[in-house]
$ cat my_file_13.txt   # compact mmCIF, C-alpha atoms
# COMPACT_ATOMS: atom_id res chain seq x y z
CA MET A 1 -114.86 196.46 -175.84
CA TRP A 2 -112.90 196.70 -172.61
CA ARG A 3 -111.01 193.61 -173.52
CA ARG A 4 -110.10 195.14 -176.89
CA VAL A 5 -108.92 198.38 -175.28
CA ALA A 6 -107.00 196.52 -172.62
CA SER A 7 -105.40 194.35 -175.28
CA LEU A 8 -104.50 197.40 -177.39
CA SER A 9 -103.12 199.20 -174.36
CA SER A 10 -101.05 196.17 -173.46
CA SER A 11 -99.77 195.94 -177.02
CA ILE A 12 -98.78 199.61 -177.09
CA SER A 13 -97.06 199.32 -173.73
CA SER A 14 -95.16 196.25 -174.84
CA SER A 15 -94.11 197.95 -178.05
CA PHE A 16 -92.96 201.07 -176.17
CA LEU A 17 -91.01 199.02 -173.66
CA ALA A 18 -89.38 197.00 -176.43
CA GLN A 19 -88.35 200.14 -178.28
CA THR A 20 -87.02 201.71 -175.10
CA ALA A 21 -85.06 198.58 -174.23
CA SER A 22 -83.67 198.47 -177.75
CA ARG A 23 -82.52 202.11 -177.53
CA LEU A 24 -80.94 201.49 -174.14
CA ASN A 25 -79.09 198.45 -175.45
CA THR A 26 -77.86 200.43 -178.43
CA TRP A 27 -76.70 203.26 -176.16
CA GLU A 28 -74.96 200.84 -173.81
CA SER A 29 -73.19 199.25 -176.76
CA LEU A 30 -72.04 202.60 -178.07
CA THR A 31 -70.89 203.94 -174.72
CA THR A 32 -69.13 200.69 -173.86
CA GLY A 33 -67.30 200.77 -177.18
CA ILE A 34 -66.24 204.38 -176.63
CA ALA A 35 -65.08 203.61 -173.11
CA GLN A 36 -63.06 200.63 -174.32
CA GLN A 37 -61.42 202.70 -177.03
CA ALA A 38 -60.57 205.40 -174.49
CA LYS A 39 -58.90 202.81 -172.28
CA GLY A 40 -57.02 201.33 -175.20
CA VAL A 41 -59.00 198.08 -175.06
CA ILE A 42 -59.11 196.25 -178.37
CA ALA A 43 -62.66 195.51 -179.42
CA PRO A 44 -63.38 191.89 -180.39
CA LYS A 45 -63.27 190.91 -184.04
CA GLU A 46 -66.54 191.43 -185.87
CA LYS A 47 -66.65 187.88 -187.23
CA THR A 48 -66.45 184.68 -185.25
CA PRO A 49 -63.63 182.39 -186.39
CA PHE A 50 -64.34 179.77 -189.03
CA ILE A 51 -62.12 176.83 -188.15
CA THR A 52 -61.21 173.83 -190.25
CA PHE A 53 -59.18 170.90 -188.94
CA VAL A 54 -57.24 168.94 -191.58
CA LEU A 55 -56.41 165.35 -190.67
CA GLY A 56 -54.68 162.52 -192.50
CA GLY A 57 -51.75 160.19 -192.16
CA PRO A 58 -48.23 160.92 -193.43
CA GLY A 59 -48.30 161.02 -197.23
CA SER A 60 -52.07 161.50 -197.44
CA GLY A 61 -51.54 164.72 -199.42
CA LYS A 62 -53.22 167.01 -196.92
CA GLY A 63 -50.35 169.53 -197.00
CA THR A 64 -50.69 170.03 -200.74
CA GLN A 65 -54.44 170.40 -200.47
CA CYS A 66 -54.05 172.96 -197.68
CA ILE A 67 -52.06 175.15 -200.07
CA LYS A 68 -54.85 174.94 -202.67
CA ILE A 69 -57.54 175.71 -200.07
CA VAL A 70 -55.62 178.76 -198.86
CA GLU A 71 -55.13 180.05 -202.39
CA THR A 72 -58.76 179.48 -203.39
CA PHE A 73 -60.70 180.41 -200.27
CA GLY A 74 -58.40 182.77 -198.37
CA PHE A 75 -57.78 180.82 -195.18
CA ALA A 76 -54.89 181.44 -192.79
CA HIS A 77 -52.89 178.20 -192.75
CA LEU A 78 -51.66 177.07 -189.34
CA SER A 79 -49.52 173.93 -189.30
CA ALA A 80 -49.16 172.44 -185.84
CA GLY A 81 -45.88 170.81 -186.87
CA ASP A 82 -44.45 174.06 -188.24
CA LEU A 83 -45.41 175.94 -185.07
CA LEU A 84 -43.68 173.36 -182.89
CA ARG A 85 -40.56 173.39 -185.07
CA ARG A 86 -40.48 177.19 -184.95
CA GLU A 87 -40.73 177.10 -181.16
CA ILE A 88 -37.80 174.68 -181.05
CA ALA A 89 -35.74 177.00 -183.26
CA SER A 90 -36.51 179.94 -180.94
CA LYS A 91 -34.43 178.28 -178.17
CA SER A 92 -37.15 179.02 -175.62
CA ALA A 93 -37.77 176.89 -172.53
CA ASP A 94 -40.84 175.40 -174.20
CA GLY A 95 -38.79 174.80 -177.32
CA ALA A 96 -36.26 172.70 -175.42
CA MET A 97 -39.06 170.71 -173.80
CA ILE A 98 -40.76 170.18 -177.20
CA LEU A 99 -37.50 168.92 -178.73
CA ASN A 100 -36.87 166.48 -175.91
CA THR A 101 -40.47 165.24 -176.06
CA ILE A 102 -40.24 164.59 -179.80
CA LYS A 103 -36.87 162.85 -179.43
CA GLU A 104 -38.46 160.49 -176.92
CA GLY A 105 -41.17 159.65 -179.44
CA LYS A 106 -43.90 161.21 -177.32
CA ILE A 107 -46.63 163.72 -178.21
CA VAL A 108 -46.12 167.31 -177.10
CA PRO A 109 -48.49 168.31 -174.25
CA SER A 110 -51.78 169.50 -175.68
CA GLN A 111 -51.82 172.83 -173.85
CA VAL A 112 -48.44 173.79 -175.32
CA THR A 113 -49.57 173.15 -178.91
CA VAL A 114 -52.96 174.78 -178.41
CA LYS A 115 -51.43 177.93 -176.96
CA LEU A 116 -49.11 178.24 -179.96
CA ILE A 117 -52.13 177.94 -182.25
CA GLN A 118 -54.10 180.42 -180.13
CA LYS A 119 -51.30 182.98 -180.33
CA GLU A 120 -51.23 182.76 -184.14
CA MET A 121 -55.00 183.13 -184.32
CA GLU A 122 -54.94 186.23 -182.12
CA LEU A 123 -52.21 187.84 -184.22
CA SER A 124 -54.03 187.21 -187.48
CA ASP A 125 -56.43 189.64 -189.16
CA ASN A 126 -58.11 186.69 -190.82
CA HIS A 127 -61.15 184.97 -189.34
CA LYS A 128 -60.81 181.75 -191.36
CA PHE A 129 -58.26 179.26 -190.07
CA LEU A 130 -57.04 176.03 -191.63
CA ILE A 131 -55.35 174.04 -188.87
CA ASP A 132 -53.21 171.30 -190.39
CA GLY A 133 -52.25 168.12 -188.52
CA PHE A 134 -54.25 168.89 -185.39
CA PRO A 135 -55.83 167.53 -183.22
CA ARG A 136 -53.83 164.31 -183.26
CA THR A 137 -55.45 162.87 -180.13
CA GLU A 138 -58.64 163.12 -178.11
CA GLU A 139 -56.67 165.04 -175.49
CA ASN A 140 -55.63 167.54 -178.20
CA ARG A 141 -59.27 167.94 -179.20
CA VAL A 142 -60.57 168.50 -175.68
CA SER A 143 -57.79 170.98 -174.85
CA PHE A 144 -58.45 172.99 -178.00
CA GLU A 145 -62.17 173.28 -177.32
CA GLN A 146 -61.58 174.21 -173.67
CA ILE A 147 -58.84 176.79 -174.29
CA ILE A 148 -60.09 178.34 -177.54
CA GLY A 149 -63.72 177.96 -176.53
CA VAL A 150 -65.05 176.84 -179.91
CA GLU A 151 -65.45 173.70 -181.98
CA PRO A 152 -64.32 173.42 -185.60
CA ASN A 153 -66.85 174.19 -188.32
CA VAL A 154 -65.35 171.61 -190.69
CA VAL A 155 -63.07 168.61 -190.25
CA LEU A 156 -61.41 167.24 -193.39
CA PHE A 157 -60.05 163.71 -193.33
CA PHE A 158 -57.85 162.69 -196.24
CA ASP A 159 -58.40 158.95 -196.48
CA CYS A 160 -55.60 157.21 -198.35
CA PRO A 161 -54.48 153.55 -198.58
CA GLU A 162 -51.43 152.77 -196.48
CA GLU A 163 -49.34 151.54 -199.41
CA GLU A 164 -49.99 154.78 -201.32
CA MET A 165 -48.99 156.93 -198.33
CA VAL A 166 -45.76 154.95 -197.88
CA LYS A 167 -44.92 155.35 -201.58
CA ARG A 168 -45.58 159.10 -201.53
CA VAL A 169 -43.45 159.72 -198.44
CA LEU A 170 -40.53 157.70 -199.77
CA ASN A 171 -40.67 159.57 -203.09
CA ARG A 172 -41.02 163.14 -201.87
CA ASN A 173 -37.29 163.62 -201.10
CA GLU A 174 -37.74 166.56 -198.74
CA GLY A 175 -34.83 165.60 -196.51
CA ARG A 176 -36.90 164.80 -193.43
CA VAL A 177 -35.20 162.47 -190.99
CA ASP A 178 -38.40 160.48 -190.48
CA ASP A 179 -39.05 159.89 -194.19
CA ASN A 180 -37.88 156.29 -194.21
CA LEU A 181 -39.77 153.02 -194.30
CA GLU A 182 -39.32 152.10 -190.64
CA THR A 183 -40.45 155.43 -189.20
CA ILE A 184 -43.32 155.75 -191.70
CA LYS A 185 -44.75 152.44 -190.51
CA LYS A 186 -44.50 153.61 -186.89
CA ARG A 187 -46.13 156.95 -187.70
CA LEU A 188 -49.01 155.21 -189.48
CA THR A 189 -49.54 152.93 -186.49
CA VAL A 190 -49.60 155.93 -184.13
CA PHE A 191 -51.99 157.81 -186.43
CA GLN A 192 -54.45 154.93 -186.53
CA ALA A 193 -54.32 154.42 -182.77
CA LEU A 194 -54.60 158.07 -181.70
CA SER A 195 -56.26 160.00 -184.52
CA LEU A 196 -59.04 157.64 -185.57
CA PRO A 197 -60.97 158.25 -182.30
CA VAL A 198 -60.88 161.99 -183.13
CA ILE A 199 -62.10 161.29 -186.66
CA ASN A 200 -64.91 159.09 -185.34
CA TYR A 201 -65.92 161.75 -182.82
CA TYR A 202 -66.36 164.45 -185.46
CA SER A 203 -68.09 161.98 -187.77
CA GLU A 204 -70.73 161.44 -185.09
CA LYS A 205 -71.03 165.23 -184.69
CA GLY A 206 -71.76 165.57 -188.42
CA LYS A 207 -68.70 167.77 -189.04
CA LEU A 208 -66.45 165.28 -190.82
CA TYR A 209 -65.88 165.34 -194.57
CA THR A 210 -63.94 162.34 -195.86
CA ILE A 211 -61.85 162.97 -198.97
CA LYS A 212 -60.70 160.01 -201.05
CA ALA A 213 -57.07 161.06 -201.44
CA ILE A 214 -56.31 159.10 -204.62
CA GLY A 215 -55.67 160.75 -207.96
CA THR A 216 -54.05 163.97 -209.12
CA GLU A 217 -53.91 167.07 -206.92
CA ASP A 218 -56.64 168.71 -209.00
CA GLU A 219 -58.86 165.62 -208.92
CA ILE A 220 -58.63 165.45 -205.15
CA PHE A 221 -59.27 169.18 -204.82
CA GLU A 222 -62.50 168.80 -206.81
CA GLN A 223 -63.82 166.85 -203.80
CA VAL A 224 -62.70 169.62 -201.44
CA ARG A 225 -63.90 172.66 -203.38
CA PRO A 226 -67.70 172.14 -202.99
CA ILE A 227 -67.39 171.89 -199.20
CA PHE A 228 -66.04 175.41 -198.77
CA ALA A 229 -67.99 176.83 -201.69
CA ALA A 230 -71.20 175.78 -199.94
CA PHE A 231 -70.20 177.54 -196.72
CA GLU A 232 -69.30 180.73 -198.64
CA THR A 233 -72.73 180.67 -200.32
CA VAL A 234 -74.47 180.36 -196.96
CA GLY A 235 -72.29 183.10 -195.44

$ encode --input "my_file_13.txt" --output "structure tokens"
Amino acid sequence: MWRRVASLSSSISSSFLAQTASRLNTWESLTTGIAQQAKGVIAPKEKTPFITFVLGGPGSGKGTQCIKIVETFGFAHLSAGDLLRREIASKSADGAMILNTIKEGKIVPSQVTVKLIQKEMELSDNHKFLIDGFPRTEENRVSFEQIIGVEPNVVLFFDCPEEEMVKRVLNRNEGRVDDNLETIKKRLTVFQALSLPVINYYSEKGKLYTIKAIGTEDEIFEQVRPIFAAFETVG
């Protein structure tokens, strides 16, 4: 009998303490929020970011698929290349450095690119980000995870035969200075050397989704659609 009473008493005490702790935590949360608002501190976003990296060689069709993903699933599209070009056009000190680095055929320092991406993420009201053409190297990957503090939820790799990528780039007629046979070959060599280790890393982490990038835009997108549809169902 004593054991039963003692057990019941212990249970009641535990329940009371749990309820009290819960109320205190709720109160602390409320008062902290009020205090932050009074000081003009911006409260963190309610949802954690959902991040997708999109990788693929030049002419793999990833840019076109990014547009379809944005339109269908409401992602904010961040192109690492566009952000770097915009920084160059701004005539900032970083922009001059970026331009010189690209002219020398080198990769822009990871921290510079990551901080440009971070700034865009912070300015966005969206919590779903499609980051196109990044990370290009293992150093890019490590810097992103250290600075942003999160790993991607999904990594898409658009796998396309080299001859098909070359043909697509030569036929797109977008006026890019590097859309010629010689530079395409060099870019493909760099992609294989630097980006494949990143692809292999995320494959081992179970986050990589390989898309066979052959066929029409709609046919390729039918491989992409179920990936994000599944995450929306879970969410």

$ closest_residue --input "my_file_13.txt" --among "A:Arg187, A:Lys91, A:Lys119, A:Lys62" --to "Gly133 in chain A" --atoms "all atoms listed in the file"
A:Lys62

$ atom_distance --input "my_file_13.txt" --atom1 "CA of Pro109 in chain A" --atom2 "CA of Glu122 in chain A"
20.6 Å

$ closest_residue --input "my_file_13.txt" --among "A:Lys115, A:Arg172, A:Lys185, A:Lys212" --to "Glu145 in chain A" --atoms "all atoms listed in the file"
A:Lys115

$ closest_residue --input "my_file_13.txt" --among "A:Gly56, A:Val166, A:Phe228, A:Asn126" --to "Lys186 in chain A" --atoms "only C-alpha atoms"
A:Val166

$ residues_around --input "my_file_13.txt" --residues "range 213-218 of chain A" --least-positions-apart "6" --cutoff "12 Å" --atoms "all atoms listed in the file" --output "number ranges by chain"
A: 55-69, 156-165, 168, 224-225

$ atom_distance --input "my_file_13.txt" --atom1 "CA of His77 in chain A" --atom2 "CA of Asn171 in chain A"
24.6 Å

$ atom_distance --input "my_file_13.txt" --atom1 "CA of Glu138 in chain A" --atom2 "CA of Val198 in chain A"
5.6 Å

$ residues_around --input "my_file_13.txt" --residues "Gln146 in chain A" --least-positions-apart "4" --cutoff "12 Å" --atoms "only C-alpha atoms" --output "list in words"
Ser110, Gln111, Val114, Lys115, Gln118, Glu139, Asn140, Arg141, Val142, Val150 and Glu151 of chain A

$ closest_residue --input "my_file_13.txt" --among "A:Leu188, A:Ile88, A:Pro49, A:Phe73" --to "Pro226 in chain A" --atoms "all atoms listed in the file"
A:Phe73

$ closest_residue --input "my_file_13.txt" --among "A:Val154, A:Leu170, A:Leu181, A:Thr137" --to "Phe231 in chain A" --atoms "all atoms listed in the file"
A:Val154

$ closest_residue --input "my_file_13.txt" --among "A:Leu196, A:Ala93, A:Thr52, A:Arg136" --to "Asn153 in chain A" --atoms "only C-alpha atoms"
A:Thr52

$ residues_around --input "my_file_13.txt" --residues "Phe53 in chain A" --least-positions-apart "6" --cutoff "8 Å" --atoms "all atoms listed in the file" --output "PyMOL selection string"
chain A and resi 130-135+152+154-156

$ axis_aligned_box --input "my_file_13.txt" --around "range 143-162 of chain A" --padding-each-side "3 Å" --output "JSON"
{"center_x": -59.1, "center_y": 165.6, "center_z": -186.1, "size_x": 21.4, "size_y": 31.6, "size_z": 30.9}
